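Enquirer: The structure that follows is given in the form of structure tokens.
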Amino acid sequence: MPQFETTRPVQHSAEQMFDLVADVERYPEFLPLCEALTVRSRKERDGKVLLVADMTVGYKAIRETFTTQVLLNKAERVIDVKYIDGPFKYLDNRWRFETREEGGSNVNFFIDYEFKSRILGALMGSMFDRAFRMFTEAFEKRADTIYASV
């Protein structure tokens with residue numbers, strides 16, 4: 001049952017960071033291990049967007065695809081990810097973006113997951129753990145690239 005939580009201060013606004021993480025279709029361009037991401041459906045209601053997406057991750061010869069439900073709540077600057085199907089027993093992920101008084105924002109990232117298979121957990125567990133620890137850094141680098149001219 002690996003779990004990881006971090007808060008990372010960044011120079012970009014909470015709105016910019018929310019928009020960057022909400023743009024899931026672009027993940028394969030910069031996110032560690034993410035080889036493909038397809039949005040199956042997108043529904044908007046009450047100012048929130050609900051996506052169902054398939055993400056393919058890979059490491060060496062191992063490829064796994066899993067399906068999640070992603071709730072984008074821009075008003076509260078929160079992104080909740082719930083697991084639907086794939087190699088996990090469960091996966092729970094939350095992003096929260098908070099404005100800092102001194103400028104920029106704090107990016108809060110939480111993930112809790114467990115693989116269904118002990119063998120897959122042994123093969124991919126430490127690699128997933130390292131990748132999740134690099135996620136907030138990858139998004140910050142992406143923001144530096146995208147918002148550098150803003």
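As shown in the structure tokens, the chain order sets the letters A, B, ...; within each chain, residues go from 1, and ligands are also counted from 1 in the order they appear.
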So that I can see what lies close to segment 84-87 of chain A, please list as number ranges by chain the residues with an atom at most 6 Å from it, counting only C-alpha atoms and leaving out residues fewer than 5 positions away in the same chain.

Expert: A: 66-68, 115-116

Enquirer: Restricted to N, CA and C atoms, what would the selected residues look like written as a PDB file, in the first residue's frame?

Expert:
ATOM      1  N   PHE A  66      -4.406   1.695 -17.429  1.00  0.00           N
ATOM      2  CA  PHE A  66      -5.443   1.727 -16.409  1.00  0.00           C
ATOM      3  C   PHE A  66      -6.404   2.876 -16.692  1.00  0.00           C
ATOM      4  N   THR A  67      -7.611   2.737 -16.179  1.00  0.00           N
ATOM      5  CA  THR A  67      -8.678   3.700 -16.419  1.00  0.00           C
ATOM      6  C   THR A  67      -9.009   4.416 -15.126  1.00  0.00           C
ATOM      7  N   THR A  68      -9.137   5.740 -15.223  1.00  0.00           N
ATOM      8  CA  THR A  68      -9.500   6.533 -14.065  1.00  0.00           C
ATOM      9  C   THR A  68     -10.616   7.505 -14.412  1.00  0.00           C
ATOM     10  N   PHE A 115      -1.078  -2.520  -6.086  1.00  0.00           N
ATOM     11  CA  PHE A 115      -1.244  -3.392  -7.247  1.00  0.00           C
ATOM     12  C   PHE A 115      -2.061  -4.615  -6.875  1.00  0.00           C
ATOM     13  N   LYS A 116      -2.836  -5.146  -7.840  1.00  0.00           N
ATOM     14  CA  LYS A 116      -3.582  -6.382  -7.629  1.00  0.00           C
ATOM     15  C   LYS A 116      -2.632  -7.558  -7.447  1.00  0.00           C
TER      16      LYS A 116
END

Enquirer: Skip Cys34 of chain A itself and residues of its chain fewer than 2 positions away, then list as a ChimeraX atom specification all residues within 7 Å of it, counting only C-alpha atoms.

Expert: /A:27-28,31-32,36,56-58

Enquirer: Determine, using only C-alpha atoms, which residues of segment 55-144 of chain A have any atom at most 8 Å from an atom of segment 18-23 of chain A, and tabulate each with its shortest atom pair and distance in Å to one decimal place, rows ordered by chain and then rising number, as a tab-separated table.

Expert:
residue	atom	partner	partner_atom	distance
A:Leu72	CA	A:Ala22	CA	6.7
A:Lys74	CA	A:Phe18	CA	7.3
A:Arg77	CA	A:Phe18	CA	6.2
A:Val78	CA	A:Phe18	CA	7.6
A:Ile79	CA	A:Ala22	CA	7.5
A:Phe97	CA	A:Phe18	CA	6.5
A:Phe139	CA	A:Val21	CA	7.2
A:Ala143	CA	A:Leu20	CA	7.0

Enquirer: Those residues with N, CA, C and O atoms, as a PDB file, in the first residue's frame please?

Expert:
ATOM      1  N   LEU A  72     -12.396  17.506 -12.345  1.00  0.00           N
ATOM      2  CA  LEU A  72     -11.712  18.797 -12.374  1.00  0.00           C
ATOM      3  C   LEU A  72     -12.624  19.845 -11.753  1.00  0.00           C
ATOM      4  O   LEU A  72     -13.664  20.172 -12.324  1.00  0.00           O
ATOM      5  N   LYS A  74     -12.417  23.446 -10.911  1.00  0.00           N
ATOM      6  CA  LYS A  74     -11.601  24.658 -11.075  1.00  0.00           C
ATOM      7  C   LYS A  74     -11.897  25.693  -9.984  1.00  0.00           C
ATOM      8  O   LYS A  74     -10.992  26.363  -9.504  1.00  0.00           O
ATOM      9  N   ARG A  77     -10.029  24.630  -7.157  1.00  0.00           N
ATOM     10  CA  ARG A  77      -8.657  24.282  -7.557  1.00  0.00           C
ATOM     11  C   ARG A  77      -8.238  22.927  -6.993  1.00  0.00           C
ATOM     12  O   ARG A  77      -7.178  22.780  -6.381  1.00  0.00           O
ATOM     13  N   VAL A  78      -9.095  21.947  -7.250  1.00  0.00           N
ATOM     14  CA  VAL A  78      -8.857  20.575  -6.795  1.00  0.00           C
ATOM     15  C   VAL A  78      -9.102  19.627  -7.965  1.00  0.00           C
ATOM     16  O   VAL A  78     -10.050  19.803  -8.738  1.00  0.00           O
ATOM     17  N   ILE A  79      -8.243  18.610  -8.079  1.00  0.00           N
ATOM     18  CA  ILE A  79      -8.420  17.549  -9.069  1.00  0.00           C
ATOM     19  C   ILE A  79      -8.402  16.226  -8.307  1.00  0.00           C
ATOM     20  O   ILE A  79      -7.427  15.914  -7.627  1.00  0.00           O
ATOM     21  N   PHE A  97      -4.332  23.027  -5.315  1.00  0.00           N
ATOM     22  CA  PHE A  97      -3.495  24.164  -5.688  1.00  0.00           C
ATOM     23  C   PHE A  97      -3.906  25.368  -4.838  1.00  0.00           C
ATOM     24  O   PHE A  97      -5.060  25.776  -4.873  1.00  0.00           O
ATOM     25  N   PHE A 139       5.713  18.501 -13.494  1.00  0.00           N
ATOM     26  CA  PHE A 139       4.712  19.534 -13.779  1.00  0.00           C
ATOM     27  C   PHE A 139       5.300  20.926 -13.595  1.00  0.00           C
ATOM     28  O   PHE A 139       4.992  21.847 -14.351  1.00  0.00           O
ATOM     29  N   ALA A 143       5.509  23.756 -16.406  1.00  0.00           N
ATOM     30  CA  ALA A 143       4.985  25.109 -16.197  1.00  0.00           C
ATOM     31  C   ALA A 143       6.049  26.151 -16.523  1.00  0.00           C
ATOM     32  O   ALA A 143       5.743  27.175 -17.149  1.00  0.00           O
TER      33      ALA A 143
END

Enquirer: Could you check the closest approach to Tyr113 of chain A for each of A:Phe135, A:Tyr59, A:Phe128, A:Tyr147 and tell me which residue wins, using only C-alpha atoms?

Expert: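 Nearest candidate to Tyr113 of chain A out of A:Phe135, A:Tyr59, A:Phe128, A:Tyr147: A:Phe128.
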
Enquirer: As a VMD selection string, which residues of chain A does DSSP assign to strand (DSSP E)?

Expert: chain A and resid 3 to 10 34 to 45 48 to 59 62 to 73 78 to 85 88 to 99 105 to 115

Enquirer: Kindly indicate which residue among A:Gln16, A:Phe4, A:Leu71, A:Met55 lies nearest to Arg42 of chain A, using only C-alpha atoms for the distances.

Expert: A:Leu71

Enquirer: List the spatial neighbours of Val52 of chain A as a list of chain:residue names - criterion: any atom at most 10 Å away, only C-alpha atoms, same-chain residues fewer than 2 positions off excluded.

Expert: A:Thr38, A:Val39, A:Arg40, A:Ser41, A:Arg42, A:Lys43, A:Leu50, A:Asp54, A:Thr67, A:Thr68, A:Gln69, A:Val70, A:Leu71, A:Val81, A:Lys82, A:Tyr83, A:Ile84

Enquirer: Put those residues in a file: N, CA, C and O atoms, as a PDB file, in the first residue's frame.

Expert:
ATOM      1  N   THR A  38      -5.615   8.629 -23.292  1.00  0.00           N
ATOM      2  CA  THR A  38      -6.796   8.834 -24.127  1.00  0.00           C
ATOM      3  C   THR A  38      -7.976   9.167 -23.239  1.00  0.00           C
ATOM      4  O   THR A  38      -8.254   8.448 -22.276  1.00  0.00           O
ATOM      5  N   VAL A  39      -8.663  10.263 -23.553  1.00  0.00           N
ATOM      6  CA  VAL A  39      -9.872  10.628 -22.820  1.00  0.00           C
ATOM      7  C   VAL A  39     -11.052   9.933 -23.494  1.00  0.00           C
ATOM      8  O   VAL A  39     -11.332  10.177 -24.665  1.00  0.00           O
ATOM      9  N   ARG A  40     -11.704   9.052 -22.772  1.00  0.00           N
ATOM     10  CA  ARG A  40     -12.876   8.319 -23.296  1.00  0.00           C
ATOM     11  C   ARG A  40     -14.122   9.179 -23.318  1.00  0.00           C
ATOM     12  O   ARG A  40     -14.946   9.085 -24.218  1.00  0.00           O
ATOM     13  N   SER A  41     -14.304   9.971 -22.251  1.00  0.00           N
ATOM     14  CA  SER A  41     -15.495  10.819 -22.177  1.00  0.00           C
ATOM     15  C   SER A  41     -15.197  12.067 -21.365  1.00  0.00           C
ATOM     16  O   SER A  41     -14.279  12.084 -20.541  1.00  0.00           O
ATOM     17  N   ARG A  42     -15.981  13.104 -21.634  1.00  0.00           N
ATOM     18  CA  ARG A  42     -15.831  14.385 -20.944  1.00  0.00           C
ATOM     19  C   ARG A  42     -17.235  14.948 -20.748  1.00  0.00           C
ATOM     20  O   ARG A  42     -17.980  15.131 -21.714  1.00  0.00           O
ATOM     21  N   LYS A  43     -17.588  15.215 -19.487  1.00  0.00           N
ATOM     22  CA  LYS A  43     -18.898  15.785 -19.173  1.00  0.00           C
ATOM     23  C   LYS A  43     -18.704  17.010 -18.295  1.00  0.00           C
ATOM     24  O   LYS A  43     -17.915  16.976 -17.350  1.00  0.00           O
ATOM     25  N   LEU A  50     -15.912  16.228 -15.627  1.00  0.00           N
ATOM     26  CA  LEU A  50     -15.659  14.841 -15.264  1.00  0.00           C
ATOM     27  C   LEU A  50     -15.139  14.105 -16.493  1.00  0.00           C
ATOM     28  O   LEU A  50     -15.801  14.052 -17.522  1.00  0.00           O
ATOM     29  N   ASP A  54      -7.934   6.715 -20.126  1.00  0.00           N
ATOM     30  CA  ASP A  54      -7.039   5.554 -20.091  1.00  0.00           C
ATOM     31  C   ASP A  54      -5.612   6.074 -20.176  1.00  0.00           C
ATOM     32  O   ASP A  54      -5.280   6.844 -21.079  1.00  0.00           O
ATOM     33  N   THR A  67      -7.611   2.737 -16.179  1.00  0.00           N
ATOM     34  CA  THR A  67      -8.678   3.700 -16.419  1.00  0.00           C
ATOM     35  C   THR A  67      -9.009   4.416 -15.126  1.00  0.00           C
ATOM     36  O   THR A  67      -9.138   3.782 -14.078  1.00  0.00           O
ATOM     37  N   THR A  68      -9.137   5.740 -15.223  1.00  0.00           N
ATOM     38  CA  THR A  68      -9.500   6.533 -14.065  1.00  0.00           C
ATOM     39  C   THR A  68     -10.616   7.505 -14.412  1.00  0.00           C
ATOM     40  O   THR A  68     -10.850   7.827 -15.574  1.00  0.00           O
ATOM     41  N   GLN A  69     -11.272   7.946 -13.352  1.00  0.00           N
ATOM     42  CA  GLN A  69     -12.264   9.009 -13.451  1.00  0.00           C
ATOM     43  C   GLN A  69     -11.611  10.241 -12.830  1.00  0.00           C
ATOM     44  O   GLN A  69     -11.103  10.186 -11.714  1.00  0.00           O
ATOM     45  N   VAL A  70     -11.590  11.332 -13.573  1.00  0.00           N
ATOM     46  CA  VAL A  70     -10.898  12.540 -13.135  1.00  0.00           C
ATOM     47  C   VAL A  70     -11.927  13.661 -12.985  1.00  0.00           C
ATOM     48  O   VAL A  70     -12.599  14.012 -13.952  1.00  0.00           O
ATOM     49  N   LEU A  71     -12.042  14.205 -11.777  1.00  0.00           N
ATOM     50  CA  LEU A  71     -12.969  15.301 -11.522  1.00  0.00           C
ATOM     51  C   LEU A  71     -12.168  16.596 -11.397  1.00  0.00           C
ATOM     52  O   LEU A  71     -11.349  16.744 -10.484  1.00  0.00           O
ATOM     53  N   VAL A  81      -8.797  12.081  -8.585  1.00  0.00           N
ATOM     54  CA  VAL A  81      -8.679  10.965  -9.517  1.00  0.00           C
ATOM     55  C   VAL A  81      -9.103   9.693  -8.794  1.00  0.00           C
ATOM     56  O   VAL A  81      -8.563   9.364  -7.734  1.00  0.00           O
ATOM     57  N   LYS A  82     -10.077   8.993  -9.370  1.00  0.00           N
ATOM     58  CA  LYS A  82     -10.555   7.731  -8.808  1.00  0.00           C
ATOM     59  C   LYS A  82     -10.296   6.613  -9.805  1.00  0.00           C
ATOM     60  O   LYS A  82     -10.512   6.757 -10.999  1.00  0.00           O
ATOM     61  N   TYR A  83      -9.873   5.502  -9.302  1.00  0.00           N
ATOM     62  CA  TYR A  83      -9.528   4.336 -10.108  1.00  0.00           C
ATOM     63  C   TYR A  83     -10.780   3.609 -10.577  1.00  0.00           C
ATOM     64  O   TYR A  83     -11.728   3.421  -9.816  1.00  0.00           O
ATOM     65  N   ILE A  84     -10.766   3.165 -11.834  1.00  0.00           N
ATOM     66  CA  ILE A  84     -11.877   2.381 -12.390  1.00  0.00           C
ATOM     67  C   ILE A  84     -11.430   0.961 -12.715  1.00  0.00           C
ATOM     68  O   ILE A  84     -12.041  -0.004 -12.268  1.00  0.00           O
TER      69      ILE A  84
END

Enquirer: Output as a PyMOL selection string all residues of chain A that backbone DSSP marks as alpha helix (DSSP H).

Expert: chain A and resi 14-22+118-146

Enquirer: Atom CA of Arg94 of chain A and atom CA of Asp80 of chain A, how far apart in Å?

Expert: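 Between these atoms lies a distance of 4.6 Å.
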
Enquirer: Given the choices A:Ser13, A:Thr6, A:Asn73, A:Ser126, which gets closest to Ser105 of chain A if the distance is worked out from only C-alpha atoms?

Expert: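 Selected residue with least distance to Ser105 of chain A: A:Ser13.
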
Enquirer: For Asp112 of chain A, list every protein, DNA or RNA residue within 6 Å, evaluated using only C-alpha atoms, and leave out those in the same chain fewer than 6 positions away; present the list as a compact mmCIF listing (two decimals) with N, CA, C and O atoms, in the first residue's frame.

Expert:
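Written file, selection39.txt:
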# COMPACT_ATOMS: atom_id res chain seq x y z
N PRO A 2 1.61 1.48 -1.08
CA PRO A 2 2.43 2.69 -1.15
C PRO A 2 1.57 3.95 -1.12
O PRO A 2 0.48 3.99 -1.69
N GLN A 3 2.08 4.94 -0.45
CA GLN A 3 1.40 6.21 -0.35
C GLN A 3 2.46 7.29 -0.42
O GLN A 3 3.56 7.13 0.11
N LEU A 91 -6.53 2.86 -6.44
CA LEU A 91 -5.66 4.01 -6.65
C LEU A 91 -6.49 5.25 -6.31
O LEU A 91 -7.61 5.40 -6.78
N ASP A 92 -5.96 6.08 -5.46
CA ASP A 92 -6.62 7.31 -5.04
C ASP A 92 -5.60 8.43 -5.19
O ASP A 92 -4.49 8.32 -4.66

Enquirer: Which residue gives the smallest distance to Pro9 of chain A among A:Gly121, A:Gly103, A:Ile111, A:Ala138, with only C-alpha atoms counted?

Expert: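 For Pro9 of chain A, the nearest of the candidates is A:Gly103.
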
Enquirer: One decimal, in Å: what's the spacing between atom CA of Phe109 of chain A and atom CA of Lys141 of chain A?

Expert: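 Between atom CA of Phe109 of chain A and atom CA of Lys141 of chain A the gap works out to 15.5 Å.
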
Enquirer: For each of A:Arg118, A:Arg26, A:Leu33, A:Glu76, take the minimum atom-to-atom distance to Ala61 of chain A, counting only C-alpha atoms, then give the residue where this is smallest.

Expert: A:Leu33

Enquirer: Point out the residue among A:Glu35, A:Thr145, A:Ala14, A:Glu102 with the least atom-to-atom distance to Lys60 of chain A, counting only C-alpha atoms.

Expert: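 Residue with the minimum atom-to-atom distance to Lys60 of chain A: A:Glu35.
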